[in-house]
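Below is one structure, written out as structure tokens, with a few remarks after it.
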Amino acid sequence: MTAWPEGRMEFVCTTPAEEGEREEKWLGEVVVKNHSMFMAELLIYGRYSCINAVIGKYMSGQYICIPDIDTGCPLSSLSDIFWNRERLSAHMNETDAVTVAHALRALSGYTGRDWL
């Protein structure tokens with residue numbers, strides 16, 4: 001069973017630099033509010049946003065649901081920032097997608113696993 005963090009976990013978000021622009025960085029936090037063997041409820045904070053998210057397992061892999069904005073999508077491994085950001089940015093603004101993708105990577109680093 002996965003050992004989930006207690007309290008807040010901080011991480012740094014970075015956006016890829018577009019041509020002629022510079023990379024942006026900001027601080028984010030993730031809190032595991034509830035968890036079981038196959039799901040975890042998260043509060044993700046970053047750049048003026050607070051995102052309620054549920055990550056879980058289903059027969060094709062992992063998913064994320066963000067009920068406050070009526071969206072969800074499949075996830076790659078939790079540490080795959082590029083793929084998760086690409087999928088999430090189709091459903092939310094780019095800054096929030098980057099924040100959520102980095103929060104998932106921070107969770108994988110804490111648990112030592114890329115999967116729930």
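Residue numbering restarts at 1 for every chain of the structure tokens, chains are lettered A, B, ... in their displayed order, and ligands are numbered from 1 as they appear.
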Among chain A, which residues does DSSP mark as strand (DSSP E or B) when it is run on the backbone? Keep the chain and numbering as in the structure and answer as a PyMOL selection string. chain A and resi 8-15+24-35+39-46+49-58+61-66+71-75
Would you list the contacts of Arg105 (chain A) as a PDB file with N, CA and C atoms, in the first residue's frame, taking every protein, DNA or RNA residue within 9 Å and counting only C-alpha atoms, but skipping same-chain residues closer than 5 positions in sequence?
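The result, stored in result_20.pdb:
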```pdb
ATOM      1  N   PHE A  11       6.503  22.073  -4.029  1.00  0.00           N
ATOM      2  CA  PHE A  11       7.219  21.731  -5.257  1.00  0.00           C
ATOM      3  C   PHE A  11       7.372  22.996  -6.088  1.00  0.00           C
ATOM      4  N   SER A  77       2.247   7.943 -16.309  1.00  0.00           N
ATOM      5  CA  SER A  77       2.831   7.745 -14.981  1.00  0.00           C
ATOM      6  C   SER A  77       2.790   9.096 -14.268  1.00  0.00           C
ATOM      7  N   LEU A  78       2.746   9.073 -12.949  1.00  0.00           N
ATOM      8  CA  LEU A  78       2.622  10.317 -12.197  1.00  0.00           C
ATOM      9  C   LEU A  78       3.792  11.269 -12.432  1.00  0.00           C
ATOM     10  N   SER A  79       4.962  10.755 -12.764  1.00  0.00           N
ATOM     11  CA  SER A  79       6.139  11.605 -12.961  1.00  0.00           C
ATOM     12  C   SER A  79       6.260  12.177 -14.376  1.00  0.00           C
ATOM     13  N   ASP A  80       5.383  11.790 -15.284  1.00  0.00           N
ATOM     14  CA  ASP A  80       5.469  12.229 -16.680  1.00  0.00           C
ATOM     15  C   ASP A  80       4.829  13.609 -16.848  1.00  0.00           C
ATOM     16  N   ILE A  81       5.609  14.644 -16.558  1.00  0.00           N
ATOM     17  CA  ILE A  81       5.091  16.014 -16.603  1.00  0.00           C
ATOM     18  C   ILE A  81       4.609  16.390 -17.996  1.00  0.00           C
ATOM     19  N   VAL A 100      -0.707  21.211 -11.811  1.00  0.00           N
ATOM     20  CA  VAL A 100      -1.211  19.868 -11.493  1.00  0.00           C
ATOM     21  C   VAL A 100      -0.194  18.809 -11.903  1.00  0.00           C
ATOM     22  N   TYR A 110       7.548  11.436  -3.601  1.00  0.00           N
ATOM     23  CA  TYR A 110       7.364  11.144  -2.181  1.00  0.00           C
ATOM     24  C   TYR A 110       7.101   9.652  -1.962  1.00  0.00           C
ATOM     25  N   ASP A 114       5.311   5.487  -9.431  1.00  0.00           N
ATOM     26  CA  ASP A 114       4.664   6.245 -10.489  1.00  0.00           C
ATOM     27  C   ASP A 114       3.201   5.869 -10.656  1.00  0.00           C
TER      28      ASP A 114
END
```
Write out as a PDB file with C-alpha atoms, in the first residue's frame all residues of region 15-106 of chain A that backbone DSSP assigns to helix (DSSP H, G or I).
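Generated output (selection.pdb):
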```pdb
ATOM      1  CA  PRO A  67     -15.008  18.092 -10.345  1.00  0.00           C
ATOM      2  CA  ASP A  68     -14.988  21.879  -9.851  1.00  0.00           C
ATOM      3  CA  ILE A  69     -14.398  22.392 -13.575  1.00  0.00           C
ATOM      4  CA  ILE A  81       5.091  16.014 -16.603  1.00  0.00           C
ATOM      5  CA  PHE A  82       5.024  16.512 -20.381  1.00  0.00           C
ATOM      6  CA  TRP A  83       2.260  13.985 -21.179  1.00  0.00           C
ATOM      7  CA  ASN A  84       0.096  14.859 -18.177  1.00  0.00           C
ATOM      8  CA  ARG A  85       0.442  18.604 -18.854  1.00  0.00           C
ATOM      9  CA  GLU A  86      -0.522  18.132 -22.499  1.00  0.00           C
ATOM     10  CA  ARG A  87      -3.641  16.145 -21.573  1.00  0.00           C
ATOM     11  CA  LEU A  88      -4.662  18.539 -18.796  1.00  0.00           C
ATOM     12  CA  SER A  89      -4.120  21.705 -20.854  1.00  0.00           C
ATOM     13  CA  GLU A  94      -1.905  26.177 -19.126  1.00  0.00           C
ATOM     14  CA  THR A  95      -0.712  27.510 -15.756  1.00  0.00           C
ATOM     15  CA  ASP A  96      -3.064  25.226 -13.814  1.00  0.00           C
ATOM     16  CA  ALA A  97      -2.178  22.262 -16.057  1.00  0.00           C
ATOM     17  CA  VAL A  98       1.521  22.808 -15.329  1.00  0.00           C
ATOM     18  CA  THR A  99       0.800  23.107 -11.601  1.00  0.00           C
ATOM     19  CA  VAL A 100      -1.211  19.868 -11.493  1.00  0.00           C
ATOM     20  CA  ALA A 101       1.393  17.953 -13.540  1.00  0.00           C
ATOM     21  CA  HIS A 102       4.159  19.061 -11.165  1.00  0.00           C
ATOM     22  CA  ALA A 103       2.018  18.163  -8.127  1.00  0.00           C
ATOM     23  CA  LEU A 104       1.597  14.632  -9.499  1.00  0.00           C
ATOM     24  CA  ARG A 105       5.353  14.344 -10.000  1.00  0.00           C
ATOM     25  CA  ALA A 106       5.933  15.553  -6.427  1.00  0.00           C
TER      26      ALA A 106
END
```
Would you kindly return, as number ranges by chain, each protein, DNA or RNA residue with an atom no farther than 10 Å from any atom of region 51-58 of chain A, considering only C-alpha atoms and excluding same-chain residues fewer than 4 positions away? A: 30-46, 62-69, 71-75, 78, 96, 99-100, 104, 115-116
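Across A:Ser108, A:Asn93, A:Ser49, A:Thr15, the tightest approach to Ser76 (chain A) is made by A:Ser108 when counting only C-alpha atoms.
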